[in-house]
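Asker: Below you'll find final_9.pdb; it's PDB, N, CA, C and O atoms.
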```
ATOM      1  N   MET A   1       0.697  29.764 -13.074
ATOM      2  CA  MET A   1       1.696  29.174 -13.921
ATOM      3  C   MET A   1       2.301  27.962 -13.217
ATOM      4  O   MET A   1       2.997  28.118 -12.221
ATOM      5  N   ASP A   2       2.041  26.797 -13.712
ATOM      6  CA  ASP A   2       2.536  25.590 -13.073
ATOM      7  C   ASP A   2       4.048  25.448 -13.117
ATOM      8  O   ASP A   2       4.639  24.805 -12.274
ATOM      9  N   ASP A   3       4.700  26.050 -14.115
ATOM     10  CA  ASP A   3       6.145  25.885 -14.267
ATOM     11  C   ASP A   3       6.956  27.028 -13.661
ATOM     12  O   ASP A   3       8.157  27.104 -13.851
ATOM     13  N   LEU A   4       6.333  27.894 -12.892
ATOM     14  CA  LEU A   4       7.023  29.030 -12.285
ATOM     15  C   LEU A   4       7.838  28.560 -11.091
ATOM     16  O   LEU A   4       7.327  27.893 -10.200
ATOM     17  N   SER A   5       9.118  28.887 -11.084
ATOM     18  CA  SER A   5       9.973  28.513  -9.953
ATOM     19  C   SER A   5       9.747  29.473  -8.794
ATOM     20  O   SER A   5       8.936  30.385  -8.879
ATOM     21  N   SER A   6      10.499  29.276  -7.711
ATOM     22  CA  SER A   6      10.379  30.160  -6.549
ATOM     23  C   SER A   6      10.744  31.584  -6.938
ATOM     24  O   SER A   6      11.701  31.817  -7.658
ATOM     25  N   VAL A   7       9.982  32.528  -6.446
ATOM     26  CA  VAL A   7      10.180  33.946  -6.731
ATOM     27  C   VAL A   7      10.400  34.658  -5.412
ATOM     28  O   VAL A   7       9.798  34.308  -4.397
ATOM     29  N   THR A   8      11.276  35.669  -5.417
ATOM     30  CA  THR A   8      11.510  36.466  -4.218
ATOM     31  C   THR A   8      11.269  37.938  -4.540
ATOM     32  O   THR A   8      11.425  38.364  -5.690
ATOM     33  N   PRO A   9      10.844  38.719  -3.544
ATOM     34  CA  PRO A   9      10.627  40.143  -3.775
ATOM     35  C   PRO A   9      11.893  40.806  -4.327
ATOM     36  O   PRO A   9      13.006  40.488  -3.918
ATOM     37  N   GLY A  10      11.694  41.708  -5.288
ATOM     38  CA  GLY A  10      12.789  42.408  -5.922
ATOM     39  C   GLY A  10      13.234  41.784  -7.233
ATOM     40  O   GLY A  10      13.977  42.399  -7.987
ATOM     41  N   MET A  11      12.789  40.551  -7.516
ATOM     42  CA  MET A  11      13.170  39.890  -8.766
ATOM     43  C   MET A  11      12.470  40.543  -9.947
ATOM     44  O   MET A  11      11.321  40.978  -9.835
ATOM     45  N   LEU A  12      13.159  40.594 -11.078
ATOM     46  CA  LEU A  12      12.565  41.049 -12.328
ATOM     47  C   LEU A  12      11.809  39.872 -12.927
ATOM     48  O   LEU A  12      12.359  38.782 -13.072
ATOM     49  N   ILE A  13      10.532  40.086 -13.256
ATOM     50  CA  ILE A  13       9.659  39.029 -13.750
ATOM     51  C   ILE A  13       9.178  39.389 -15.152
ATOM     52  O   ILE A  13       8.731  40.506 -15.384
ATOM     53  N   GLY A  14       9.269  38.430 -16.089
ATOM     54  CA  GLY A  14       8.685  38.598 -17.410
ATOM     55  C   GLY A  14       7.312  37.956 -17.421
ATOM     56  O   GLY A  14       7.156  36.807 -17.021
ATOM     57  N   VAL A  15       6.300  38.695 -17.826
ATOM     58  CA  VAL A  15       4.920  38.206 -17.805
ATOM     59  C   VAL A  15       4.369  38.194 -19.229
ATOM     60  O   VAL A  15       4.475  39.195 -19.946
ATOM     61  N   LEU A  16       3.798  37.070 -19.639
ATOM     62  CA  LEU A  16       3.153  36.951 -20.943
ATOM     63  C   LEU A  16       1.657  37.135 -20.747
ATOM     64  O   LEU A  16       1.017  36.380 -20.012
ATOM     65  N   GLU A  17       1.104  38.179 -21.354
ATOM     66  CA  GLU A  17      -0.326  38.459 -21.270
ATOM     67  C   GLU A  17      -0.861  38.519 -22.701
ATOM     68  O   GLU A  17      -0.622  39.488 -23.423
ATOM     69  N   GLY A  18      -1.550  37.452 -23.116
ATOM     70  CA  GLY A  18      -1.982  37.351 -24.507
ATOM     71  C   GLY A  18      -0.761  37.169 -25.383
ATOM     72  O   GLY A  18      -0.002  36.226 -25.211
ATOM     73  N   VAL A  19      -0.534  38.089 -26.309
ATOM     74  CA  VAL A  19       0.663  38.034 -27.156
ATOM     75  C   VAL A  19       1.720  39.036 -26.713
ATOM     76  O   VAL A  19       2.792  39.112 -27.285
ATOM     77  N   GLU A  20       1.426  39.830 -25.683
ATOM     78  CA  GLU A  20       2.348  40.861 -25.201
ATOM     79  C   GLU A  20       3.154  40.356 -24.005
ATOM     80  O   GLU A  20       2.629  39.698 -23.116
ATOM     81  N   VAL A  21       4.437  40.645 -24.011
ATOM     82  CA  VAL A  21       5.309  40.326 -22.884
ATOM     83  C   VAL A  21       5.734  41.640 -22.231
ATOM     84  O   VAL A  21       6.131  42.568 -22.908
ATOM     85  N   TYR A  22       5.591  41.712 -20.916
ATOM     86  CA  TYR A  22       6.089  42.890 -20.214
ATOM     87  C   TYR A  22       6.878  42.450 -18.994
ATOM     88  O   TYR A  22       6.770  41.315 -18.544
ATOM     89  N   LYS A  23       7.713  43.351 -18.489
ATOM     90  CA  LYS A  23       8.537  43.068 -17.326
ATOM     91  C   LYS A  23       8.054  43.889 -16.150
ATOM     92  O   LYS A  23       7.590  45.011 -16.304
ATOM     93  N   GLY A  24       8.151  43.307 -14.968
ATOM     94  CA  GLY A  24       7.781  43.993 -13.738
ATOM     95  C   GLY A  24       8.659  43.509 -12.602
ATOM     96  O   GLY A  24       9.417  42.557 -12.746
ATOM     97  N   ILE A  25       8.552  44.155 -11.485
ATOM     98  CA  ILE A  25       9.309  43.809 -10.289
ATOM     99  C   ILE A  25       8.382  43.104  -9.306
ATOM    100  O   ILE A  25       7.272  43.590  -9.033
ATOM    101  N   CYS A  26       8.830  41.975  -8.778
ATOM    102  CA  CYS A  26       8.040  41.257  -7.761
ATOM    103  C   CYS A  26       8.004  42.102  -6.490
ATOM    104  O   CYS A  26       9.045  42.461  -5.938
ATOM    105  N   ASP A  27       6.798  42.421  -6.039
ATOM    106  CA  ASP A  27       6.602  43.243  -4.843
ATOM    107  C   ASP A  27       6.389  42.384  -3.598
ATOM    108  O   ASP A  27       6.864  42.714  -2.519
ATOM    109  N   SER A  28       5.646  41.269  -3.755
ATOM    110  CA  SER A  28       5.379  40.412  -2.601
ATOM    111  C   SER A  28       5.132  38.974  -3.058
ATOM    112  O   SER A  28       4.777  38.723  -4.201
ATOM    113  N   VAL A  29       5.344  38.050  -2.121
ATOM    114  CA  VAL A  29       5.189  36.623  -2.393
ATOM    115  C   VAL A  29       4.397  35.995  -1.254
ATOM    116  O   VAL A  29       4.606  36.320  -0.092
ATOM    117  N   SER A  30       3.497  35.073  -1.605
ATOM    118  CA  SER A  30       2.757  34.305  -0.611
ATOM    119  C   SER A  30       2.788  32.840  -1.044
ATOM    120  O   SER A  30       2.499  32.526  -2.196
ATOM    121  N   ILE A  31       3.178  31.946  -0.130
ATOM    122  CA  ILE A  31       3.235  30.517  -0.429
ATOM    123  C   ILE A  31       2.342  29.790   0.564
ATOM    124  O   ILE A  31       2.416  30.010   1.771
ATOM    125  N   LEU A  32       1.471  28.915   0.022
ATOM    126  CA  LEU A  32       0.538  28.151   0.842
ATOM    127  C   LEU A  32       0.697  26.673   0.506
ATOM    128  O   LEU A  32       0.683  26.303  -0.671
ATOM    129  N   ALA A  33       0.868  25.834   1.521
ATOM    130  CA  ALA A  33       0.958  24.389   1.329
ATOM    131  C   ALA A  33      -0.150  23.725   2.138
ATOM    132  O   ALA A  33      -0.450  24.133   3.261
ATOM    133  N   SER A  34      -0.768  22.700   1.545
ATOM    134  CA  SER A  34      -1.809  21.967   2.264
ATOM    135  C   SER A  34      -1.707  20.485   1.918
ATOM    136  O   SER A  34      -1.225  20.107   0.853
ATOM    137  N   ILE A  35      -2.173  19.646   2.836
ATOM    138  CA  ILE A  35      -2.171  18.203   2.653
ATOM    139  C   ILE A  35      -3.608  17.718   2.755
ATOM    140  O   ILE A  35      -4.313  18.024   3.724
ATOM    141  N   SER A  36      -4.044  16.975   1.739
ATOM    142  CA  SER A  36      -5.412  16.465   1.729
ATOM    143  C   SER A  36      -5.534  15.282   2.692
ATOM    144  O   SER A  36      -4.529  14.764   3.196
ATOM    145  N   GLY A  37      -6.748  14.855   2.925
ATOM    146  CA  GLY A  37      -7.002  13.700   3.778
ATOM    147  C   GLY A  37      -6.384  12.424   3.224
ATOM    148  O   GLY A  37      -6.099  11.485   3.969
ATOM    149  N   LYS A  38      -6.153  12.371   1.912
ATOM    150  CA  LYS A  38      -5.536  11.204   1.267
ATOM    151  C   LYS A  38      -4.018  11.323   1.210
ATOM    152  O   LYS A  38      -3.343  10.457   0.679
ATOM    153  N   GLY A  39      -3.456  12.424   1.713
ATOM    154  CA  GLY A  39      -2.015  12.589   1.777
ATOM    155  C   GLY A  39      -1.387  13.320   0.609
ATOM    156  O   GLY A  39      -0.170  13.473   0.569
ATOM    157  N   SER A  40      -2.184  13.780  -0.353
ATOM    158  CA  SER A  40      -1.593  14.528  -1.466
ATOM    159  C   SER A  40      -1.258  15.954  -1.010
ATOM    160  O   SER A  40      -1.953  16.542  -0.196
ATOM    161  N   ILE A  41      -0.165  16.468  -1.542
ATOM    162  CA  ILE A  41       0.321  17.792  -1.160
ATOM    163  C   ILE A  41       0.046  18.774  -2.291
ATOM    164  O   ILE A  41       0.320  18.491  -3.447
ATOM    165  N   ASP A  42      -0.485  19.939  -1.934
ATOM    166  CA  ASP A  42      -0.761  21.005  -2.896
ATOM    167  C   ASP A  42      -0.029  22.253  -2.430
ATOM    168  O   ASP A  42      -0.172  22.664  -1.282
ATOM    169  N   ILE A  43       0.789  22.825  -3.320
ATOM    170  CA  ILE A  43       1.531  24.034  -2.987
ATOM    171  C   ILE A  43       1.149  25.125  -3.970
ATOM    172  O   ILE A  43       1.195  24.914  -5.180
ATOM    173  N   SER A  44       0.763  26.294  -3.454
ATOM    174  CA  SER A  44       0.387  27.443  -4.286
ATOM    175  C   SER A  44       1.288  28.617  -3.948
ATOM    176  O   SER A  44       1.580  28.871  -2.781
ATOM    177  N   GLN A  45       1.734  29.319  -4.987
ATOM    178  CA  GLN A  45       2.547  30.526  -4.807
ATOM    179  C   GLN A  45       1.831  31.669  -5.510
ATOM    180  O   GLN A  45       1.471  31.550  -6.671
ATOM    181  N   SER A  46       1.603  32.758  -4.806
ATOM    182  CA  SER A  46       0.996  33.952  -5.394
ATOM    183  C   SER A  46       2.015  35.075  -5.318
ATOM    184  O   SER A  46       2.705  35.229  -4.308
ATOM    185  N   ILE A  47       2.116  35.853  -6.389
ATOM    186  CA  ILE A  47       3.028  36.989  -6.395
ATOM    187  C   ILE A  47       2.299  38.244  -6.837
ATOM    188  O   ILE A  47       1.312  38.170  -7.555
ATOM    189  N   THR A  48       2.780  39.379  -6.347
ATOM    190  CA  THR A  48       2.293  40.675  -6.808
ATOM    191  C   THR A  48       3.433  41.316  -7.595
ATOM    192  O   THR A  48       4.566  41.358  -7.110
ATOM    193  N   VAL A  49       3.126  41.749  -8.830
ATOM    194  CA  VAL A  49       4.144  42.334  -9.703
ATOM    195  C   VAL A  49       3.803  43.791  -9.967
ATOM    196  O   VAL A  49       2.656  44.113 -10.303
ATOM    197  N   ILE A  50       4.783  44.662  -9.806
ATOM    198  CA  ILE A  50       4.611  46.087 -10.115
ATOM    199  C   ILE A  50       5.072  46.295 -11.549
ATOM    200  O   ILE A  50       6.210  45.960 -11.897
ATOM    201  N   HIS A  51       4.183  46.832 -12.379
ATOM    202  CA  HIS A  51       4.469  47.055 -13.792
ATOM    203  C   HIS A  51       4.465  48.541 -14.069
ATOM    204  O   HIS A  51       3.493  49.220 -13.763
ATOM    205  N   HIS A  52       5.573  49.045 -14.598
ATOM    206  CA  HIS A  52       5.669  50.467 -14.923
ATOM    207  C   HIS A  52       4.855  50.755 -16.195
ATOM    208  O   HIS A  52       5.087  50.150 -17.224
ATOM    209  N   VAL A  53       3.901  51.645 -16.114
ATOM    210  CA  VAL A  53       3.074  52.011 -17.263
ATOM    211  C   VAL A  53       3.599  53.314 -17.836
ATOM    212  O   VAL A  53       3.747  54.305 -17.122
ATOM    213  N   VAL A  54       3.874  53.295 -19.133
ATOM    214  CA  VAL A  54       4.426  54.484 -19.794
ATOM    215  C   VAL A  54       3.311  55.319 -20.364
ATOM    216  O   VAL A  54       2.342  54.885 -20.862
TER     217      VAL A  54
END
```
Starting from the file, give its structure as structure tokens.

Answerer:
Amino acid sequence: MDDLSSVTPGMLIGVLEGVEVYKGICDSVSILASISGKGSIDISQSITVIHHVV
């Protein structure tokens, strides 16, 4: 998701999957930044969300 802001563990996250929206708790966050040889910066954030299944 390009428009996702910074996320921290413990945050409640709303996730849109197809037409269904569900909520989960952020379990972990990983942020990776890299700079290309031309000087462009790329930042990636990965999160793990725990979703309660009823």

Asker: How many Å lie between atom O of Ile47 of chain A and atom C of Ser28 of chain A, rounded to one decimal?

Answerer: 6.0 Å

Asker: What's around Pro9 of chain A at 7 Å? Count all atoms listed in the file, leave out sequence neighbours fewer than 5 positions away in its own chain, and write the answer as a PDB file with N, CA, C and O atoms, keeping the file's coordinate frame.

Answerer:
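Contents of the output file result_22.pdb:
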```
ATOM      1  N   ILE A  25       8.552  44.155 -11.485  1.00  0.00           N
ATOM      2  CA  ILE A  25       9.309  43.809 -10.289  1.00  0.00           C
ATOM      3  C   ILE A  25       8.382  43.104  -9.306  1.00  0.00           C
ATOM      4  O   ILE A  25       7.272  43.590  -9.033  1.00  0.00           O
ATOM      5  N   CYS A  26       8.830  41.975  -8.778  1.00  0.00           N
ATOM      6  CA  CYS A  26       8.040  41.257  -7.761  1.00  0.00           C
ATOM      7  C   CYS A  26       8.004  42.102  -6.490  1.00  0.00           C
ATOM      8  O   CYS A  26       9.045  42.461  -5.938  1.00  0.00           O
ATOM      9  N   ASP A  27       6.798  42.421  -6.039  1.00  0.00           N
ATOM     10  CA  ASP A  27       6.602  43.243  -4.843  1.00  0.00           C
ATOM     11  C   ASP A  27       6.389  42.384  -3.598  1.00  0.00           C
ATOM     12  O   ASP A  27       6.864  42.714  -2.519  1.00  0.00           O
ATOM     13  N   SER A  28       5.646  41.269  -3.755  1.00  0.00           N
ATOM     14  CA  SER A  28       5.379  40.412  -2.601  1.00  0.00           C
ATOM     15  C   SER A  28       5.132  38.974  -3.058  1.00  0.00           C
ATOM     16  O   SER A  28       4.777  38.723  -4.201  1.00  0.00           O
ATOM     17  N   VAL A  29       5.344  38.050  -2.121  1.00  0.00           N
ATOM     18  CA  VAL A  29       5.189  36.623  -2.393  1.00  0.00           C
ATOM     19  C   VAL A  29       4.397  35.995  -1.254  1.00  0.00           C
ATOM     20  O   VAL A  29       4.606  36.320  -0.092  1.00  0.00           O
TER      21      VAL A  29
END
```

Asker: Taking the DSSP secondary structure from the backbone, can you list the residues of chain A that are strand (DSSP E or B), as a PDB file with N, CA, C and O atoms, in the coordinates of the input?

Answerer:
```
ATOM      1  N   LEU A  12      13.159  40.594 -11.078  1.00  0.00           N
ATOM      2  CA  LEU A  12      12.565  41.049 -12.328  1.00  0.00           C
ATOM      3  C   LEU A  12      11.809  39.872 -12.927  1.00  0.00           C
ATOM      4  O   LEU A  12      12.359  38.782 -13.072  1.00  0.00           O
ATOM      5  N   ILE A  13      10.532  40.086 -13.256  1.00  0.00           N
ATOM      6  CA  ILE A  13       9.659  39.029 -13.750  1.00  0.00           C
ATOM      7  C   ILE A  13       9.178  39.389 -15.152  1.00  0.00           C
ATOM      8  O   ILE A  13       8.731  40.506 -15.384  1.00  0.00           O
ATOM      9  N   GLY A  14       9.269  38.430 -16.089  1.00  0.00           N
ATOM     10  CA  GLY A  14       8.685  38.598 -17.410  1.00  0.00           C
ATOM     11  C   GLY A  14       7.312  37.956 -17.421  1.00  0.00           C
ATOM     12  O   GLY A  14       7.156  36.807 -17.021  1.00  0.00           O
ATOM     13  N   VAL A  15       6.300  38.695 -17.826  1.00  0.00           N
ATOM     14  CA  VAL A  15       4.920  38.206 -17.805  1.00  0.00           C
ATOM     15  C   VAL A  15       4.369  38.194 -19.229  1.00  0.00           C
ATOM     16  O   VAL A  15       4.475  39.195 -19.946  1.00  0.00           O
ATOM     17  N   LEU A  16       3.798  37.070 -19.639  1.00  0.00           N
ATOM     18  CA  LEU A  16       3.153  36.951 -20.943  1.00  0.00           C
ATOM     19  C   LEU A  16       1.657  37.135 -20.747  1.00  0.00           C
ATOM     20  O   LEU A  16       1.017  36.380 -20.012  1.00  0.00           O
ATOM     21  N   GLU A  17       1.104  38.179 -21.354  1.00  0.00           N
ATOM     22  CA  GLU A  17      -0.326  38.459 -21.270  1.00  0.00           C
ATOM     23  C   GLU A  17      -0.861  38.519 -22.701  1.00  0.00           C
ATOM     24  O   GLU A  17      -0.622  39.488 -23.423  1.00  0.00           O
ATOM     25  N   GLU A  20       1.426  39.830 -25.683  1.00  0.00           N
ATOM     26  CA  GLU A  20       2.348  40.861 -25.201  1.00  0.00           C
ATOM     27  C   GLU A  20       3.154  40.356 -24.005  1.00  0.00           C
ATOM     28  O   GLU A  20       2.629  39.698 -23.116  1.00  0.00           O
ATOM     29  N   VAL A  21       4.437  40.645 -24.011  1.00  0.00           N
ATOM     30  CA  VAL A  21       5.309  40.326 -22.884  1.00  0.00           C
ATOM     31  C   VAL A  21       5.734  41.640 -22.231  1.00  0.00           C
ATOM     32  O   VAL A  21       6.131  42.568 -22.908  1.00  0.00           O
ATOM     33  N   TYR A  22       5.591  41.712 -20.916  1.00  0.00           N
ATOM     34  CA  TYR A  22       6.089  42.890 -20.214  1.00  0.00           C
ATOM     35  C   TYR A  22       6.878  42.450 -18.994  1.00  0.00           C
ATOM     36  O   TYR A  22       6.770  41.315 -18.544  1.00  0.00           O
ATOM     37  N   LYS A  23       7.713  43.351 -18.489  1.00  0.00           N
ATOM     38  CA  LYS A  23       8.537  43.068 -17.326  1.00  0.00           C
ATOM     39  C   LYS A  23       8.054  43.889 -16.150  1.00  0.00           C
ATOM     40  O   LYS A  23       7.590  45.011 -16.304  1.00  0.00           O
ATOM     41  N   GLY A  24       8.151  43.307 -14.968  1.00  0.00           N
ATOM     42  CA  GLY A  24       7.781  43.993 -13.738  1.00  0.00           C
ATOM     43  C   GLY A  24       8.659  43.509 -12.602  1.00  0.00           C
ATOM     44  O   GLY A  24       9.417  42.557 -12.746  1.00  0.00           O
ATOM     45  N   ILE A  25       8.552  44.155 -11.485  1.00  0.00           N
ATOM     46  CA  ILE A  25       9.309  43.809 -10.289  1.00  0.00           C
ATOM     47  C   ILE A  25       8.382  43.104  -9.306  1.00  0.00           C
ATOM     48  O   ILE A  25       7.272  43.590  -9.033  1.00  0.00           O
ATOM     49  N   CYS A  26       8.830  41.975  -8.778  1.00  0.00           N
ATOM     50  CA  CYS A  26       8.040  41.257  -7.761  1.00  0.00           C
ATOM     51  C   CYS A  26       8.004  42.102  -6.490  1.00  0.00           C
ATOM     52  O   CYS A  26       9.045  42.461  -5.938  1.00  0.00           O
ATOM     53  N   ASP A  27       6.798  42.421  -6.039  1.00  0.00           N
ATOM     54  CA  ASP A  27       6.602  43.243  -4.843  1.00  0.00           C
ATOM     55  C   ASP A  27       6.389  42.384  -3.598  1.00  0.00           C
ATOM     56  O   ASP A  27       6.864  42.714  -2.519  1.00  0.00           O
ATOM     57  N   SER A  28       5.646  41.269  -3.755  1.00  0.00           N
ATOM     58  CA  SER A  28       5.379  40.412  -2.601  1.00  0.00           C
ATOM     59  C   SER A  28       5.132  38.974  -3.058  1.00  0.00           C
ATOM     60  O   SER A  28       4.777  38.723  -4.201  1.00  0.00           O
ATOM     61  N   VAL A  29       5.344  38.050  -2.121  1.00  0.00           N
ATOM     62  CA  VAL A  29       5.189  36.623  -2.393  1.00  0.00           C
ATOM     63  C   VAL A  29       4.397  35.995  -1.254  1.00  0.00           C
ATOM     64  O   VAL A  29       4.606  36.320  -0.092  1.00  0.00           O
ATOM     65  N   SER A  30       3.497  35.073  -1.605  1.00  0.00           N
ATOM     66  CA  SER A  30       2.757  34.305  -0.611  1.00  0.00           C
ATOM     67  C   SER A  30       2.788  32.840  -1.044  1.00  0.00           C
ATOM     68  O   SER A  30       2.499  32.526  -2.196  1.00  0.00           O
ATOM     69  N   ILE A  31       3.178  31.946  -0.130  1.00  0.00           N
ATOM     70  CA  ILE A  31       3.235  30.517  -0.429  1.00  0.00           C
ATOM     71  C   ILE A  31       2.342  29.790   0.564  1.00  0.00           C
ATOM     72  O   ILE A  31       2.416  30.010   1.771  1.00  0.00           O
ATOM     73  N   LEU A  32       1.471  28.915   0.022  1.00  0.00           N
ATOM     74  CA  LEU A  32       0.538  28.151   0.842  1.00  0.00           C
ATOM     75  C   LEU A  32       0.697  26.673   0.506  1.00  0.00           C
ATOM     76  O   LEU A  32       0.683  26.303  -0.671  1.00  0.00           O
ATOM     77  N   ALA A  33       0.868  25.834   1.521  1.00  0.00           N
ATOM     78  CA  ALA A  33       0.958  24.389   1.329  1.00  0.00           C
ATOM     79  C   ALA A  33      -0.150  23.725   2.138  1.00  0.00           C
ATOM     80  O   ALA A  33      -0.450  24.133   3.261  1.00  0.00           O
ATOM     81  N   SER A  34      -0.768  22.700   1.545  1.00  0.00           N
ATOM     82  CA  SER A  34      -1.809  21.967   2.264  1.00  0.00           C
ATOM     83  C   SER A  34      -1.707  20.485   1.918  1.00  0.00           C
ATOM     84  O   SER A  34      -1.225  20.107   0.853  1.00  0.00           O
ATOM     85  N   ILE A  35      -2.173  19.646   2.836  1.00  0.00           N
ATOM     86  CA  ILE A  35      -2.171  18.203   2.653  1.00  0.00           C
ATOM     87  C   ILE A  35      -3.608  17.718   2.755  1.00  0.00           C
ATOM     88  O   ILE A  35      -4.313  18.024   3.724  1.00  0.00           O
ATOM     89  N   ILE A  41      -0.165  16.468  -1.542  1.00  0.00           N
ATOM     90  CA  ILE A  41       0.321  17.792  -1.160  1.00  0.00           C
ATOM     91  C   ILE A  41       0.046  18.774  -2.291  1.00  0.00           C
ATOM     92  O   ILE A  41       0.320  18.491  -3.447  1.00  0.00           O
ATOM     93  N   ASP A  42      -0.485  19.939  -1.934  1.00  0.00           N
ATOM     94  CA  ASP A  42      -0.761  21.005  -2.896  1.00  0.00           C
ATOM     95  C   ASP A  42      -0.029  22.253  -2.430  1.00  0.00           C
ATOM     96  O   ASP A  42      -0.172  22.664  -1.282  1.00  0.00           O
ATOM     97  N   ILE A  43       0.789  22.825  -3.320  1.00  0.00           N
ATOM     98  CA  ILE A  43       1.531  24.034  -2.987  1.00  0.00           C
ATOM     99  C   ILE A  43       1.149  25.125  -3.970  1.00  0.00           C
ATOM    100  O   ILE A  43       1.195  24.914  -5.180  1.00  0.00           O
ATOM    101  N   SER A  44       0.763  26.294  -3.454  1.00  0.00           N
ATOM    102  CA  SER A  44       0.387  27.443  -4.286  1.00  0.00           C
ATOM    103  C   SER A  44       1.288  28.617  -3.948  1.00  0.00           C
ATOM    104  O   SER A  44       1.580  28.871  -2.781  1.00  0.00           O
ATOM    105  N   GLN A  45       1.734  29.319  -4.987  1.00  0.00           N
ATOM    106  CA  GLN A  45       2.547  30.526  -4.807  1.00  0.00           C
ATOM    107  C   GLN A  45       1.831  31.669  -5.510  1.00  0.00           C
ATOM    108  O   GLN A  45       1.471  31.550  -6.671  1.00  0.00           O
ATOM    109  N   SER A  46       1.603  32.758  -4.806  1.00  0.00           N
ATOM    110  CA  SER A  46       0.996  33.952  -5.394  1.00  0.00           C
ATOM    111  C   SER A  46       2.015  35.075  -5.318  1.00  0.00           C
ATOM    112  O   SER A  46       2.705  35.229  -4.308  1.00  0.00           O
ATOM    113  N   ILE A  47       2.116  35.853  -6.389  1.00  0.00           N
ATOM    114  CA  ILE A  47       3.028  36.989  -6.395  1.00  0.00           C
ATOM    115  C   ILE A  47       2.299  38.244  -6.837  1.00  0.00           C
ATOM    116  O   ILE A  47       1.312  38.170  -7.555  1.00  0.00           O
ATOM    117  N   THR A  48       2.780  39.379  -6.347  1.00  0.00           N
ATOM    118  CA  THR A  48       2.293  40.675  -6.808  1.00  0.00           C
ATOM    119  C   THR A  48       3.433  41.316  -7.595  1.00  0.00           C
ATOM    120  O   THR A  48       4.566  41.358  -7.110  1.00  0.00           O
ATOM    121  N   VAL A  49       3.126  41.749  -8.830  1.00  0.00           N
ATOM    122  CA  VAL A  49       4.144  42.334  -9.703  1.00  0.00           C
ATOM    123  C   VAL A  49       3.803  43.791  -9.967  1.00  0.00           C
ATOM    124  O   VAL A  49       2.656  44.113 -10.303  1.00  0.00           O
ATOM    125  N   ILE A  50       4.783  44.662  -9.806  1.00  0.00           N
ATOM    126  CA  ILE A  50       4.611  46.087 -10.115  1.00  0.00           C
ATOM    127  C   ILE A  50       5.072  46.295 -11.549  1.00  0.00           C
ATOM    128  O   ILE A  50       6.210  45.960 -11.897  1.00  0.00           O
TER     129      ILE A  50
END
```

Asker: I need the residue set behind the PyMOL selection byres ((chain A and resi 43-45) around 8) for this file; please write it as a list in words.

Answerer: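 For this structure, the PyMOL selection byres ((chain A and resi 43-45) around 8) resolves to Met1, Asp2, Leu4, Ser5, Val7, Ser28, Val29, Ser30, Ile31, Leu32, Ala33, Ser34, Ile35, Ser40, Ile41, Asp42, Ser46, Ile47 and Thr48 of chain A.
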
Asker: Please produce a file of those selected residues containing N, CA, C and O atoms, as a compact mmCIF listing (two decimals), in the coordinates of the input.

Answerer:
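Output saved as result.txt:
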```txt
# COMPACT_ATOMS: atom_id res chain seq x y z
N MET A 1 0.70 29.76 -13.07
CA MET A 1 1.70 29.17 -13.92
C MET A 1 2.30 27.96 -13.22
O MET A 1 3.00 28.12 -12.22
N ASP A 2 2.04 26.80 -13.71
CA ASP A 2 2.54 25.59 -13.07
C ASP A 2 4.05 25.45 -13.12
O ASP A 2 4.64 24.80 -12.27
N LEU A 4 6.33 27.89 -12.89
CA LEU A 4 7.02 29.03 -12.28
C LEU A 4 7.84 28.56 -11.09
O LEU A 4 7.33 27.89 -10.20
N SER A 5 9.12 28.89 -11.08
CA SER A 5 9.97 28.51 -9.95
C SER A 5 9.75 29.47 -8.79
O SER A 5 8.94 30.38 -8.88
N VAL A 7 9.98 32.53 -6.45
CA VAL A 7 10.18 33.95 -6.73
C VAL A 7 10.40 34.66 -5.41
O VAL A 7 9.80 34.31 -4.40
N SER A 28 5.65 41.27 -3.76
CA SER A 28 5.38 40.41 -2.60
C SER A 28 5.13 38.97 -3.06
O SER A 28 4.78 38.72 -4.20
N VAL A 29 5.34 38.05 -2.12
CA VAL A 29 5.19 36.62 -2.39
C VAL A 29 4.40 35.99 -1.25
O VAL A 29 4.61 36.32 -0.09
N SER A 30 3.50 35.07 -1.60
CA SER A 30 2.76 34.30 -0.61
C SER A 30 2.79 32.84 -1.04
O SER A 30 2.50 32.53 -2.20
N ILE A 31 3.18 31.95 -0.13
CA ILE A 31 3.24 30.52 -0.43
C ILE A 31 2.34 29.79 0.56
O ILE A 31 2.42 30.01 1.77
N LEU A 32 1.47 28.92 0.02
CA LEU A 32 0.54 28.15 0.84
C LEU A 32 0.70 26.67 0.51
O LEU A 32 0.68 26.30 -0.67
N ALA A 33 0.87 25.83 1.52
CA ALA A 33 0.96 24.39 1.33
C ALA A 33 -0.15 23.72 2.14
O ALA A 33 -0.45 24.13 3.26
N SER A 34 -0.77 22.70 1.54
CA SER A 34 -1.81 21.97 2.26
C SER A 34 -1.71 20.48 1.92
O SER A 34 -1.23 20.11 0.85
N ILE A 35 -2.17 19.65 2.84
CA ILE A 35 -2.17 18.20 2.65
C ILE A 35 -3.61 17.72 2.76
O ILE A 35 -4.31 18.02 3.72
N SER A 40 -2.18 13.78 -0.35
CA SER A 40 -1.59 14.53 -1.47
C SER A 40 -1.26 15.95 -1.01
O SER A 40 -1.95 16.54 -0.20
N ILE A 41 -0.16 16.47 -1.54
CA ILE A 41 0.32 17.79 -1.16
C ILE A 41 0.05 18.77 -2.29
O ILE A 41 0.32 18.49 -3.45
N ASP A 42 -0.48 19.94 -1.93
CA ASP A 42 -0.76 21.00 -2.90
C ASP A 42 -0.03 22.25 -2.43
O ASP A 42 -0.17 22.66 -1.28
N SER A 46 1.60 32.76 -4.81
CA SER A 46 1.00 33.95 -5.39
C SER A 46 2.02 35.08 -5.32
O SER A 46 2.70 35.23 -4.31
N ILE A 47 2.12 35.85 -6.39
CA ILE A 47 3.03 36.99 -6.40
C ILE A 47 2.30 38.24 -6.84
O ILE A 47 1.31 38.17 -7.56
N THR A 48 2.78 39.38 -6.35
CA THR A 48 2.29 40.67 -6.81
C THR A 48 3.43 41.32 -7.60
O THR A 48 4.57 41.36 -7.11
```

Asker: Quick one: residues within 10 Å of (12.4, 41.7, -13.3) (file frame), counting only C-alpha atoms, please, as a list in words.

Answerer: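 Those residues lying close to the given coordinates are Pro9, Gly10, Met11, Leu12, Ile13, Gly14, Val15, Tyr22, Lys23, Gly24, Ile25, Cys26, Val49, Ile50 and His51 of chain A.
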